[in-house]
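**Student:** Here you go, one structure.
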Amino acid sequence: MTATPKNDDLLIEIGTEELPPKALRKLSGAFTQGVVDGLKKAGFEIDGVESFAAPRRLAMLIKSVAVMQPDRAVERKGPNLKAAYDADGNPTKAVMGFARSCGVEVADLQQQETDKGVWLVFSATEKGKVLSDLLADIVEQSLAKLPIPKRMRWGNKTEEFVRPVHWVIFLHGENVIDAEIMGLKTSNMTFGHRFHAKGAIRLNTASEYKQKLLDEGFVIADFEERKQKIKQQVLAAVEKLGGIAVLDESLLDEVTALNEWPIAVAGEFEKSFLEVPSEVLIKTMQDNQKYFAVKDADGDLKNYFITISNIDSKSPDKVKEGNERVIRPRLADAMFFWQQDQKQPLESFNTALEKVVFQAKLGTVAEKTKRVAAMSQSIAEQLGANIEYVNRAVVLSKCDLMTDMVGEFASLQGVIGKRYAQLAGEADEVALAIDEQYMPRGASDDTPTTSTGQIISISDKIDTLVGIFAIGQKPTGEKDPYALRRASLGVLRTIIERQLDLDLKQLIAMSAELFADKVDASKVEQEVFDYIIERLRAYYLDRGILADVFDAVSALAPSRPLDFDKRIKAVTVFRGLAEAESLAAANKRVGNILKKSATKSVSTINESLFTEEAEKNLFDVLNVLSKTVEPLFVSGDYETALSQLSSLRDPVDAFFDSVMVMADDDDVKNNRIALLHTMNQLFMRAADLSRLHQS
């Protein structure tokens, strides 16, 4: 009796030239997922998987993979029995062709009865294929689907990949699976660190990969382990310097992707460079040199940095000196830009903006600034803000775009303007607003803190949204070149989180009017409003608000985001009440009755037409409640109003239990519909509760 082959760990490694650091994690995750999905699709069971990603390798260790696919039942449906044989009982060409395609005789086919007649079918057990016959194709398919914008060729090869491939490992337990990938024969030989590991490293089993690379190859293959080691080393290094590390998460990921054997080295630079704004110094350290900046306990930048070397040097002082030598010209450039920009007033840069195009059909940045100024002034008047601050901040808002500093560090627009405004003695709120106009810059970023910053941020983003929609360049699919999704969310978050009572439709209409000399934007007002509100859905869902709660509120299309938010919170609380399910169902029932009823909305209810105690009681309760909740709705206290309306559950249930709405007498029927309409309209002051799902 032949023993069943045992399952074994499967190692796959693609060895390459240094991979793009910012894409490494994404490539690794996609590669691993593609192979795992391919194995599962082929019928292999997956116990677990470890993914490895380092500068010169993408690898994975898949636990306990069978040596071959399981056998599987195959069934193919052939022709109907009537079509399978002619009048003389001989097989037709159709059935003979079907049998031939299955590799059997007609007599070997089976009959299967269905509700549509008898059919001939082919049933068999397909023998599973061995892993070694399938793996190359699965891996190649995964490699072909990797998110690589531009592939390259190398040498005289025709194969293409993100970087040249130098070795490939397919190791199942102790056995090499022979295949050819990227023009290379598979083996069990890997390579370690370029400088610390000499020659190839032979793997005896798949499971020893990670440890052997560490012990003999000077490579920490696991991305997350390497990242944590770097983080610990940076923290230890700054502790010796008596400082606090600026641990930017994206920089940490990038540095992890650049190093196989990370060693932290501390360096320093001249204190005179600290005259340059800390944001600039940190930016140049992080972006250009991949260094971690150091601050003191008060948050002020210190004249130190931490770099991660990919080599354990015997002369660490030389590594330190080399990095200090490299950073010095970068900091000197920043100092030069800082000093040059200050030779003229910030406001003087405005002239140059008249020649800078914001968008060909929408005019220059200077023209955009004028529109933002008009809109900002109007909003400031609505909110009772300091108009003098708002006007001054708008005048200075885009000036830094023409400075040498922003020319070198584009992502610091606003930050540099703020710094120059502070130096020039502008009011703190004006200076801060120049930076805050771009907030929130990302999903986790704060919204503007100053009233002036909030106003300009909203005005600038609305102007961009309306203008881009008006020229027909709204986002499509994943393409959003003007970052309109982010702008929409920024407007909403600023209004809601900073408690600004602004009407979104009014803002959009105002912006559309300001474009009159460029484009007819009035035609896209509703489209822009709908687009922004759709972003509001994502905003709430990300915060755990249920979709039906959002739908219940958005059905009424409130145009004031702050009011929208109050309704969302109120309906969320209401949904948790014991009475909510019954009242939501009742509102749905009432809604259906009102839709089906041909009766026009009745303005008054005739008490004399009541014949049932339940309808009289509902009428009385509604009268009392409407007087109580009306002021609450007017003041926007939807939560208290809905809480009060929850007391309608019993009288509403009693009404539907004992009252026939569609009475034979038209007057009685219409009177009852009018009663339900009154109740429905009361709830609709907050939301369309019929849209709440019943649990």
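So you can find residues: chains in the structure tokens are A, B, ... in the order shown, residues in each start at 1, and ligands are numbered from 1 in order.
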Would you mind listing what lies within 9 Å of A:Lys368 as a PyMOL selection string, with only C-alpha atoms counted and same-chain residues fewer than 3 positions away left out?

**Tutor:** chain A and resi 358+362-365+371-373+460+463-464

**Student:** Mind dumping the selected residues with C-alpha atoms as a PDB file, in the first residue's frame?

**Tutor:**
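Once written, part_9.pdb looks like this:
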ATOM      1  CA  PHE A 358      -5.264  77.888 -12.183  1.00  0.00           C
ATOM      2  CA  LEU A 362     -11.297  79.125 -15.278  1.00  0.00           C
ATOM      3  CA  GLY A 363      -8.536  81.702 -15.407  1.00  0.00           C
ATOM      4  CA  THR A 364      -5.491  82.532 -13.312  1.00  0.00           C
ATOM      5  CA  VAL A 365      -4.747  82.008  -9.650  1.00  0.00           C
ATOM      6  CA  ARG A 371     -13.673  84.888  -6.359  1.00  0.00           C
ATOM      7  CA  VAL A 372     -12.571  83.417  -3.025  1.00  0.00           C
ATOM      8  CA  ALA A 373     -12.371  86.944  -1.580  1.00  0.00           C
ATOM      9  CA  ASP A 460     -11.456  78.013  -1.826  1.00  0.00           C
ATOM     10  CA  ASP A 463     -14.719  77.504  -5.843  1.00  0.00           C
ATOM     11  CA  THR A 464     -12.648  74.572  -7.105  1.00  0.00           C
TER      12      THR A 464
END

**Student:** Write out as number ranges by chain the set of residues from stretch 17-138 of chain A that DSSP, computed on the backbone, places in strand (DSSP E).

**Tutor:** A: 49-54, 57-65, 72-80, 110-114, 117-126

**Student:** Give me, as a compact mmCIF listing (two decimals) with N, CA and C atoms, in the first residue's frame, the residues of stretch 129-360 of chain A that a backbone DSSP run labels helix (DSSP H, G or I).

**Tutor:**
# COMPACT_ATOMS: atom_id res chain seq x y z
N LEU A 131 1.15 19.45 -7.49
CA LEU A 131 1.46 20.85 -7.25
C LEU A 131 2.52 21.36 -8.23
N SER A 132 3.53 20.51 -8.51
CA SER A 132 4.64 20.94 -9.36
C SER A 132 4.21 21.26 -10.78
N ASP A 133 3.09 20.69 -11.22
CA ASP A 133 2.60 20.97 -12.57
C ASP A 133 1.78 22.27 -12.63
N LEU A 134 1.36 22.76 -11.48
CA LEU A 134 0.45 23.91 -11.44
C LEU A 134 1.09 25.20 -10.95
N LEU A 135 2.15 25.06 -10.12
CA LEU A 135 2.66 26.22 -9.38
C LEU A 135 3.20 27.34 -10.29
N ALA A 136 3.95 26.98 -11.32
CA ALA A 136 4.54 28.01 -12.19
C ALA A 136 3.47 28.90 -12.79
N ASP A 137 2.39 28.29 -13.25
CA ASP A 137 1.32 29.05 -13.88
C ASP A 137 0.63 29.97 -12.85
N ILE A 138 0.43 29.46 -11.63
CA ILE A 138 -0.21 30.26 -10.57
C ILE A 138 0.66 31.47 -10.22
N VAL A 139 1.97 31.25 -10.10
CA VAL A 139 2.89 32.34 -9.76
C VAL A 139 2.97 33.36 -10.88
N GLU A 140 3.06 32.87 -12.11
CA GLU A 140 3.14 33.79 -13.26
C GLU A 140 1.88 34.66 -13.37
N GLN A 141 0.72 34.06 -13.10
CA GLN A 141 -0.53 34.83 -13.15
C GLN A 141 -0.53 35.92 -12.07
N SER A 142 -0.02 35.57 -10.89
CA SER A 142 0.03 36.56 -9.80
C SER A 142 1.00 37.69 -10.15
N LEU A 143 2.16 37.34 -10.69
CA LEU A 143 3.16 38.35 -11.07
C LEU A 143 2.62 39.27 -12.17
N ALA A 144 1.86 38.70 -13.10
CA ALA A 144 1.32 39.48 -14.21
C ALA A 144 0.29 40.50 -13.74
N ALA A 206 11.94 24.49 3.29
CA ALA A 206 11.24 25.77 3.11
C ALA A 206 11.12 26.52 4.43
N SER A 207 10.88 25.80 5.50
CA SER A 207 10.57 26.43 6.78
C SER A 207 11.76 27.14 7.42
N GLU A 208 13.00 26.85 6.97
CA GLU A 208 14.17 27.48 7.59
C GLU A 208 14.53 28.82 6.93
N TYR A 209 13.74 29.23 5.95
CA TYR A 209 14.04 30.42 5.14
C TYR A 209 14.32 31.67 5.99
N LYS A 210 13.38 32.01 6.82
CA LYS A 210 13.47 33.27 7.59
C LYS A 210 14.69 33.27 8.52
N GLN A 211 14.88 32.19 9.26
CA GLN A 211 15.98 32.13 10.23
C GLN A 211 17.34 32.07 9.55
N LYS A 212 17.41 31.32 8.44
CA LYS A 212 18.69 31.17 7.75
C LYS A 212 19.12 32.48 7.10
N LEU A 213 18.14 33.22 6.57
CA LEU A 213 18.46 34.53 6.00
C LEU A 213 18.98 35.46 7.08
N LEU A 214 18.42 35.35 8.27
CA LEU A 214 18.84 36.19 9.39
C LEU A 214 20.24 35.80 9.85
N ASP A 215 20.47 34.50 10.05
CA ASP A 215 21.74 34.02 10.62
C ASP A 215 22.89 34.10 9.63
N GLU A 216 22.65 33.71 8.38
CA GLU A 216 23.74 33.65 7.40
C GLU A 216 23.69 34.79 6.38
N GLY A 217 22.49 35.36 6.18
CA GLY A 217 22.35 36.34 5.11
C GLY A 217 22.32 37.79 5.55
N PHE A 223 8.91 42.26 6.88
CA PHE A 223 8.82 43.73 6.80
C PHE A 223 8.48 44.34 8.16
N GLU A 224 7.47 43.80 8.83
CA GLU A 224 7.02 44.38 10.09
C GLU A 224 8.09 44.24 11.18
N GLU A 225 8.80 43.11 11.21
CA GLU A 225 9.88 42.94 12.20
C GLU A 225 10.98 43.96 11.96
N ARG A 226 11.31 44.16 10.69
CA ARG A 226 12.36 45.12 10.34
C ARG A 226 11.93 46.54 10.73
N LYS A 227 10.67 46.85 10.48
CA LYS A 227 10.13 48.17 10.81
C LYS A 227 10.21 48.43 12.31
N GLN A 228 9.82 47.44 13.11
CA GLN A 228 9.86 47.61 14.57
C GLN A 228 11.29 47.75 15.08
N LYS A 229 12.21 47.02 14.44
CA LYS A 229 13.63 47.12 14.84
C LYS A 229 14.16 48.53 14.56
N ILE A 230 13.78 49.07 13.39
CA ILE A 230 14.20 50.43 13.04
C ILE A 230 13.63 51.43 14.03
N LYS A 231 12.35 51.28 14.34
CA LYS A 231 11.69 52.19 15.28
C LYS A 231 12.38 52.17 16.64
N GLN A 232 12.68 50.96 17.13
CA GLN A 232 13.33 50.83 18.43
C GLN A 232 14.72 51.47 18.42
N GLN A 233 15.45 51.26 17.31
CA GLN A 233 16.79 51.83 17.21
C GLN A 233 16.75 53.36 17.17
N VAL A 234 15.78 53.91 16.45
CA VAL A 234 15.64 55.37 16.37
C VAL A 234 15.32 55.94 17.75
N LEU A 235 14.37 55.30 18.45
CA LEU A 235 13.98 55.77 19.79
C LEU A 235 15.15 55.70 20.76
N ALA A 236 15.95 54.62 20.65
CA ALA A 236 17.11 54.48 21.53
C ALA A 236 18.16 55.55 21.22
N ALA A 237 18.34 55.85 19.93
CA ALA A 237 19.34 56.85 19.52
C ALA A 237 18.96 58.25 19.99
N VAL A 238 17.67 58.61 19.85
CA VAL A 238 17.25 59.97 20.26
C VAL A 238 17.24 60.11 21.78
N GLU A 239 17.03 58.98 22.46
CA GLU A 239 17.06 59.04 23.93
C GLU A 239 18.45 59.43 24.42
N LYS A 240 19.48 58.92 23.74
CA LYS A 240 20.86 59.27 24.09
C LYS A 240 21.13 60.76 23.83
N GLU A 249 5.04 58.01 9.88
CA GLU A 249 4.73 56.62 9.55
C GLU A 249 5.14 56.27 8.12
N SER A 250 4.89 57.17 7.18
CA SER A 250 5.23 56.87 5.79
C SER A 250 6.75 56.81 5.60
N LEU A 251 7.49 57.66 6.33
CA LEU A 251 8.95 57.60 6.26
C LEU A 251 9.46 56.30 6.86
N LEU A 252 8.85 55.89 7.96
CA LEU A 252 9.23 54.63 8.60
C LEU A 252 9.05 53.46 7.64
N ASP A 253 7.94 53.46 6.91
CA ASP A 253 7.70 52.41 5.91
C ASP A 253 8.74 52.45 4.80
N GLU A 254 9.05 53.67 4.33
CA GLU A 254 9.99 53.81 3.21
C GLU A 254 11.39 53.36 3.62
N VAL A 255 11.82 53.75 4.82
CA VAL A 255 13.15 53.37 5.30
C VAL A 255 13.22 51.85 5.50
N THR A 256 12.12 51.27 5.96
CA THR A 256 12.06 49.81 6.13
C THR A 256 12.22 49.12 4.78
N ALA A 257 11.67 49.72 3.74
CA ALA A 257 11.75 49.13 2.40
C ALA A 257 13.11 49.35 1.75
N LEU A 258 13.92 50.22 2.33
CA LEU A 258 15.24 50.51 1.76
C LEU A 258 16.36 49.69 2.40
N LYS A 271 23.87 74.61 14.33
CA LYS A 271 22.69 75.20 14.97
C LYS A 271 22.16 76.40 14.18
N SER A 272 23.02 77.03 13.40
CA SER A 272 22.59 78.21 12.64
C SER A 272 21.47 77.88 11.66
N PHE A 273 21.41 76.62 11.22
CA PHE A 273 20.35 76.23 10.28
C PHE A 273 18.97 76.22 10.93
N LEU A 274 18.92 76.22 12.26
CA LEU A 274 17.64 76.20 12.97
C LEU A 274 16.87 77.51 12.81
N GLU A 275 17.52 78.50 12.19
CA GLU A 275 16.84 79.75 11.88
C GLU A 275 15.75 79.51 10.82
N SER A 278 11.17 75.03 11.07
CA SER A 278 11.34 73.59 11.34
C SER A 278 10.65 72.73 10.29
N GLU A 279 9.50 73.19 9.78
CA GLU A 279 8.78 72.40 8.76
C GLU A 279 9.65 72.15 7.53
N VAL A 280 10.45 73.17 7.16
CA VAL A 280 11.32 73.05 5.99
C VAL A 280 12.46 72.07 6.26
N LEU A 281 13.08 72.21 7.42
CA LEU A 281 14.20 71.33 7.77
C LEU A 281 13.74 69.88 7.86
N ILE A 282 12.59 69.67 8.50
CA ILE A 282 12.05 68.30 8.62
C ILE A 282 11.73 67.75 7.24
N LYS A 283 11.16 68.60 6.39
CA LYS A 283 10.78 68.16 5.04
C LYS A 283 12.00 67.72 4.24
N THR A 284 13.05 68.52 4.27
CA THR A 284 14.24 68.16 3.50
C THR A 284 14.93 66.93 4.08
N MET A 285 14.91 66.80 5.41
CA MET A 285 15.50 65.61 6.03
C MET A 285 14.72 64.35 5.64
N GLN A 286 13.41 64.46 5.71
CA GLN A 286 12.57 63.28 5.44
C GLN A 286 12.53 62.93 3.94
N ASP A 287 12.24 63.93 3.11
CA ASP A 287 12.02 63.66 1.69
C ASP A 287 13.30 63.40 0.92
N ASN A 288 14.31 64.22 1.18
CA ASN A 288 15.54 64.11 0.39
C ASN A 288 16.54 63.11 0.96
N GLN A 289 16.62 63.03 2.28
CA GLN A 289 17.65 62.19 2.88
C GLN A 289 17.12 60.95 3.61
N PRO A 316 31.70 53.43 12.19
CA PRO A 316 30.43 54.18 12.24
C PRO A 316 30.62 55.69 12.19
N ASP A 317 31.78 56.17 12.69
CA ASP A 317 32.03 57.61 12.65
C ASP A 317 32.10 58.12 11.22
N LYS A 318 32.64 57.30 10.32
CA LYS A 318 32.73 57.70 8.92
C LYS A 318 31.34 57.75 8.28
N VAL A 319 30.47 56.80 8.68
CA VAL A 319 29.09 56.82 8.20
C VAL A 319 28.40 58.09 8.67
N LYS A 320 28.62 58.41 9.94
CA LYS A 320 28.04 59.63 10.52
C LYS A 320 28.54 60.87 9.78
N GLU A 321 29.85 60.97 9.59
CA GLU A 321 30.44 62.13 8.91
C GLU A 321 29.96 62.25 7.47
N GLY A 322 29.82 61.11 6.80
CA GLY A 322 29.36 61.11 5.41
C GLY A 322 27.94 61.66 5.29
N ASN A 323 27.07 61.26 6.21
CA ASN A 323 25.69 61.75 6.19
C ASN A 323 25.61 63.23 6.55
N GLU A 324 26.46 63.66 7.47
CA GLU A 324 26.49 65.07 7.84
C GLU A 324 26.96 65.93 6.66
N ARG A 325 27.89 65.37 5.90
CA ARG A 325 28.42 66.08 4.73
C ARG A 325 27.34 66.22 3.65
N VAL A 326 26.49 65.19 3.53
CA VAL A 326 25.44 65.18 2.51
C VAL A 326 24.30 66.14 2.87
N ILE A 327 23.93 66.21 4.15
CA ILE A 327 22.78 67.02 4.56
C ILE A 327 23.10 68.52 4.54
N ARG A 328 24.37 68.86 4.72
CA ARG A 328 24.74 70.27 4.84
C ARG A 328 24.35 71.11 3.62
N PRO A 329 24.64 70.68 2.39
CA PRO A 329 24.23 71.49 1.22
C PRO A 329 22.71 71.62 1.10
N ARG A 330 21.98 70.59 1.49
CA ARG A 330 20.52 70.65 1.46
C ARG A 330 20.01 71.75 2.39
N LEU A 331 20.54 71.76 3.59
CA LEU A 331 20.12 72.77 4.57
C LEU A 331 20.57 74.16 4.15
N ALA A 332 21.73 74.23 3.50
CA ALA A 332 22.23 75.53 3.02
C ALA A 332 21.31 76.09 1.93
N ASP A 333 20.82 75.20 1.07
CA ASP A 333 19.86 75.63 0.03
C ASP A 333 18.60 76.19 0.68
N ALA A 334 18.10 75.49 1.69
CA ALA A 334 16.89 75.94 2.38
C ALA A 334 17.12 77.31 3.02
N MET A 335 18.30 77.47 3.62
CA MET A 335 18.64 78.75 4.24
C MET A 335 18.68 79.87 3.19
N PHE A 336 19.24 79.56 2.03
CA PHE A 336 19.33 80.55 0.95
C PHE A 336 17.92 80.98 0.49
N PHE A 337 17.04 79.99 0.26
CA PHE A 337 15.67 80.30 -0.17
C PHE A 337 14.96 81.16 0.88
N TRP A 338 15.16 80.82 2.13
CA TRP A 338 14.53 81.53 3.25
C TRP A 338 14.96 83.00 3.27
N GLN A 339 16.24 83.21 3.08
CA GLN A 339 16.76 84.57 3.11
C GLN A 339 16.37 85.36 1.86
N GLN A 340 16.38 84.71 0.70
CA GLN A 340 16.04 85.39 -0.56
C GLN A 340 14.58 85.85 -0.56
N ASP A 341 13.69 84.97 -0.12
CA ASP A 341 12.26 85.31 -0.12
C ASP A 341 11.95 86.52 0.74
N LEU A 346 5.73 89.84 1.40
CA LEU A 346 4.94 88.69 0.94
C LEU A 346 3.89 89.12 -0.08
N GLU A 347 3.24 90.25 0.17
CA GLU A 347 2.15 90.70 -0.70
C GLU A 347 2.65 90.99 -2.13
N SER A 348 3.93 91.32 -2.27
CA SER A 348 4.47 91.68 -3.59
C SER A 348 4.45 90.50 -4.57
N PHE A 349 4.36 89.27 -4.04
CA PHE A 349 4.34 88.09 -4.91
C PHE A 349 3.00 87.97 -5.65
N ASN A 350 2.01 88.75 -5.21
CA ASN A 350 0.68 88.68 -5.83
C ASN A 350 0.70 89.00 -7.32
N THR A 351 1.56 89.95 -7.70
CA THR A 351 1.62 90.38 -9.11
C THR A 351 1.90 89.19 -10.03
N ALA A 352 2.80 88.33 -9.61
CA ALA A 352 3.18 87.18 -10.43
C ALA A 352 2.03 86.20 -10.61
N LEU A 353 1.07 86.19 -9.66
CA LEU A 353 -0.06 85.25 -9.74
C LEU A 353 -0.99 85.54 -10.91

**Student:** When you count only C-alpha atoms, which of these residues is closest to A:Met189: A:Ala470, A:Ile306, A:Ile12, A:Ala54?

**Tutor:**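 When distances to A:Met189 are compared using only C-alpha atoms, the smallest one comes from A:Ile12.
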
**Student:** Using only C-alpha atoms, which residue out of A:Ile311, A:Val276, A:Ala538, A:Ile532 lies closest to A:Leu423?

**Tutor:**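 Looking at the shortest contact to A:Leu423, the residue is A:Val276.
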
**Student:** Pick out the residues sitting within 12 Å of stretch 630-635 of chain A, and hand them over as a list in words; count only C-alpha atoms, and ignore anything fewer than 2 positions along from it in its own chain.

**Tutor:**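 Once the nearby chain positions are removed, what remains is Asp563, Lys566, Arg567, Ala570, Leu622, Asn623, Val624, Leu625, Ser626, Lys627, Thr628, Asp637, Tyr638, Glu639, Thr640, Ala641, Leu642, Ser643, Gln644, Leu645, Gln681, Leu682, Phe683, Met684, Arg685, Ala686 and Ala687 of chain A.
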